[in-house]
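To start, the structure itself, in structure tokens.
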Amino acid sequence: MNTSPQIQAAQDYLKESSWLQEKRVSTLLNSVLAGKTNFNTLEKELFTIARDYLIQMLTAFLEHLDRLILYSAEREGWEVVEIRERSLETTLGVLSYPRRYYKKRTLSGAYAYTFLLDELLGIPARAHVSARLSEIAVMLAAEQTYRKAKETLKTTLGVSISHETIHRDVQVAGEHLKKWDGETGLDGTGIRVVPLLVVEVDGAMIKQQRRHKRSEQRRFELKTAVVYEGWEEGPNGRAKLINPTYFIYHGKGEEFWGALERRLSRLYDLDGCPRKIIAGDGADWIREGADLLGAEYQYCRFHLKRDLISLFNPQHRKKLEKILYTNDTNSRAAFNMFLRTLIIEEPNETRKEKLRAFQSLINSVWEGITDWRERNRPCPSPARGLGVIEPNVGHTIARRFKHQGASWSVNGSDNLAHVRCAKRNGNLIDILRLPGPPTPESEPVRVQDGYWARRQTDGLAAKDPGDWVRASLPAAYGPNQKSRELALLISRLTLDWIF
């Protein structure tokens with residue numbers, strides 16, 4: 001069967017679109033019609049062609065915007081020094097565009113220099129990667145290694161940035177996120193009151209990088225927390241946490257609780273919440289947190305069950321569980337008597353020490369052994385046992401930090417962990433786009449803090465960046481030909497005068 005008439009008819013139909021007559025597109029069309037290109041290749045090639053067109057559009061847009069600034073009546077005496085070209089890696093590829101470099105004498109007599117176009121757009125002077133591409137890279141690096149994030153960007157967007165650049169962006173993002181751990185003007189402004197506020201905490205040990213071969217292998221701890229308001233029915237009838245918030249901190253226990261309390265006080269009225277529960281293992285810093293926040297302490301049942309299984313046979317374990325889970329005045333005495341008997345009868349000195357350590361631990365956390373639902377206090381419905389911190393440590397820490405051969409610097413892991421927490425909280429990009437938290441002594445900082453957004457810079461008044469566009473010459477684009485010719489003459493005279 002001769003298919004050439006059908007192919008010719010299809011080609012004639014496609015010729016109606018001027019875009020489809022571009023050389024690369026027409027070549028791709030012929031390749032598809034000839035059966036030499038599948039959809040996967042077609043999608044990839046068309047994406048590349050579209051990116052090239054968008055880069056051209058973006059370059060033309062920036063050049064036009066730079067001219068609008070030049071002809072704007074709001075330039076206020078800025079003089080053009082020269083035109084410099086800039087290259088920026090974006091999600092569309094490498095963007096190269098020229099822009100004017102300006103200077104202006106200030107009240108002090110010195111000159112201020114700036115690229116008004118870059119200031120208007122909020123592009124940092126030394127940036128080589130666009131903010132959007134940097135945000136995507138940071139989001140990827142929260143889940144993948146830096147090298148894998150680099151390969152993902154190359155495969156999906158066709159952009160090339162080094163894994164060192166991605167690592168640097170993550171560190172910058174982490175340092176930015178850690179600003180919210182300190183005191184801010186938002187502290188104590190929370191008004192939310194809930195009947196139950198649960199804070200489950202634990203520490204995750206991370207392998208530290210060795211800077212010298214002779215140094216001993218060391219580990220450090222990242223303290224983690226998940227805060228939630230109870231449970232609700234989720235998909236398939238499974239329980240789901242209500243408004244979970246994830247938090248991480250590297251530092252001493254008291255510093256951890258101070259930072260977490262500040263974070264919670266920005267959302268909750270902590271004094272108004274009737275039941276606050278701190279749940280975790282028997283570490284001193286966790287039990288101290290319950291006192292600092294005025295909360296009940298709940299010893300983690302996961303750790304208790306793990307110790308009972310590892311230390312005792314089924315018969316002894318069953319008896320201990322009966323003693324520990326019976327909430328009466330004689331339970332503690334019965335527990336200590338039973339443990340002393342086992343220690344005396346135990347012939348192995350190593351097991352004796354483990355049994356003594358277990359007895360000391362349980363006595364130190366005795367007030368937290370009783371389940372929070374059995375403490376004769378109001379209990380919201382549904383009420384469940386606690387123990388979500390272990391899987392959440394896995395999601396937040398272990399999955400990214402504990403793969404084979406991984407070791408970390410303290411600051412580098414802390415920054416990445418803050419990025420992962422913010423991503424799990426769903427506010428990573430929102431926080432990264434803010435200049436920083438408001439300080440306790442000042443008003444909230446404006447989101448756009450470029451040159452014209454400052455209140456005063458060496459005697460220069462604040463300006464609205466939108467004035468540049470609104471103050472352009474409307475006659476240059478009006479319907480009257482005489483007006484357009486006059487505007488063109490004025491612009492040429494202005495250029496002659498500036499240069």
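Chain identifiers are assigned as A, B, and so on, following the order in which chains appear in the structure tokens; residues are numbered from 1 within each chain, and ligands are numbered from 1 in order of appearance.
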Write out as a ChimeraX atom specification which residues come within 7 Å of segment 239-255 of chain A when counting only C-alpha atoms, dropping same-chain ones fewer than 4 positions away. /A:221-234,259,285,414,417-418,421,425
Please, could you write that set of residues out with C-alpha atoms as an mmCIF file, in the first residue's frame?
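What ended up in again31.cif:
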```cif
data_model
loop_
_atom_site.group_PDB
_atom_site.id
_atom_site.type_symbol
_atom_site.label_atom_id
_atom_site.label_comp_id
_atom_site.auth_asym_id
_atom_site.auth_seq_id
_atom_site.Cartn_x
_atom_site.Cartn_y
_atom_site.Cartn_z
ATOM 1 C CA GLU A 221 23.903 13.212 68.301
ATOM 2 C CA LEU A 222 21.113 14.965 66.446
ATOM 3 C CA LYS A 223 18.133 15.436 68.727
ATOM 4 C CA THR A 224 14.785 14.989 66.996
ATOM 5 C CA ALA A 225 11.157 15.572 67.914
ATOM 6 C CA VAL A 226 7.743 15.018 66.404
ATOM 7 C CA VAL A 227 4.912 17.131 67.824
ATOM 8 C CA TYR A 228 1.255 16.315 67.205
ATOM 9 C CA GLU A 229 -2.227 16.943 68.586
ATOM 10 C CA GLY A 230 -3.572 13.404 68.711
ATOM 11 C CA TRP A 231 -4.961 11.011 66.124
ATOM 12 C CA GLU A 232 -7.657 10.814 63.501
ATOM 13 C CA GLU A 233 -8.813 8.139 61.106
ATOM 14 C CA GLY A 234 -6.785 8.113 57.915
ATOM 15 C CA ALA A 259 14.559 26.127 70.823
ATOM 16 C CA TRP A 285 17.877 15.461 78.888
ATOM 17 C CA ASP A 414 22.849 19.764 61.026
ATOM 18 C CA ALA A 417 18.750 17.778 58.747
ATOM 19 C CA HIS A 418 17.073 21.187 59.047
ATOM 20 C CA CYS A 421 12.657 18.682 58.579
ATOM 21 C CA ASN A 425 6.809 20.128 57.469
#
```
Write out as an MDAnalysis selection string which residues come within 7 Å of segment 382-390 of chain A when counting only C-alpha atoms, dropping same-chain ones fewer than 2 positions away. chainID A and resid 200:202 226 231 300:302 379:380 392:394
Selection: 8 Å around segment 145-151 of chain A, only C-alpha atoms, excl. self and same-chain fewer than 5 positions, as a ChimeraX atom specification: /A:137,140,160-164,166-167,400
Take the residues just selected and output them with C-alpha atoms as a PDB file, in the first residue's frame.
```pdb
ATOM      1  CA  ALA A 137      18.343  21.368  43.894  1.00  0.00           C
ATOM      2  CA  LEU A 140      16.291  16.986  45.674  1.00  0.00           C
ATOM      3  CA  SER A 160      24.470  21.150  34.635  1.00  0.00           C
ATOM      4  CA  ILE A 161      25.420  22.287  38.113  1.00  0.00           C
ATOM      5  CA  SER A 162      28.089  20.609  40.206  1.00  0.00           C
ATOM      6  CA  HIS A 163      27.390  18.582  43.326  1.00  0.00           C
ATOM      7  CA  GLU A 164      29.610  21.060  45.194  1.00  0.00           C
ATOM      8  CA  ILE A 166      24.252  21.809  45.436  1.00  0.00           C
ATOM      9  CA  HIS A 167      26.101  21.085  48.694  1.00  0.00           C
ATOM     10  CA  ARG A 400      19.503  10.025  54.495  1.00  0.00           C
TER      11      ARG A 400
END
```
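For Arg356 of chain A, the residues within 8 Å (counting only C-alpha atoms, excluding itself and residues fewer than 4 positions away along the chain) are Ile343, Lys352 and Ser360 of chain A.
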Tell me which of A:Leu177, A:Leu120, A:Met139, A:Ile277 sits closest to Leu196 of chain A, counting only C-alpha atoms. A:Ile277
Residues of segment 39-199 of chain A in strand (DSSP E), written as a ChimeraX atom specification: /A:79-90,93-105,111-114,196-199
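Around segment 51-54 of chain A, within 12 Å and counting only C-alpha atoms, the residues found are A:Trp19, A:Glu22, A:Arg24, A:Lys44, A:Glu45, A:Leu46, A:Phe47, A:Thr48, A:Ile49, A:Gln56, A:Met57, A:Leu58, A:Thr59, A:Ala60, A:Phe61, A:Thr90, A:Thr91, A:Leu92, A:Gly93, A:Val94, A:Leu95, A:Leu157, A:Gly158, A:Val159, once anything fewer than 2 positions away on its own chain is removed.
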Just how far from atom CA of Pro438 of chain A is atom CA of Val198 of chain A, in Å to one decimal? 27.6 Å
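Between atom CA of Arg192 of chain A and atom CA of Tyr268 of chain A the separation is 4.4 Å.
Taking atom CA of Asp291 of chain A and atom CA of Trp366 of chain A as the two end points, the separation is 15.0 Å.
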DSSP says alpha helix (DSSP H) for which residues of segment 281-473 of chain A? Put them as an MDAnalysis selection string? chainID A and resid 284:293 301:311 314:324 331:345 349:364 389:393 399:401 410:425 428:432 467:470
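Each of A:Asn336, A:Thr165, A:Ser31, A:Thr114 was checked against Phe358 of chain A using only C-alpha atoms; the smallest atom-to-atom distance is that of A:Asn336.
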Close residues, Glu374 of chain A itself excluded, 12 Å, only C-alpha atoms, min 3 positions apart in chain, as number ranges by chain: A: 298, 325-328, 368-371, 377-379, 383-385
Residue with the minimum atom-to-atom distance to Val138 of chain A, picked from A:Gly122, A:Gly272, A:Gly174, A:Gly109 with only C-alpha atoms counted, is A:Gly174
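Nearest to Ile309 of chain A of all the residues A:Glu175, A:Thr27, A:Glu321, A:Ser364 is A:Glu321, based on only C-alpha atoms.
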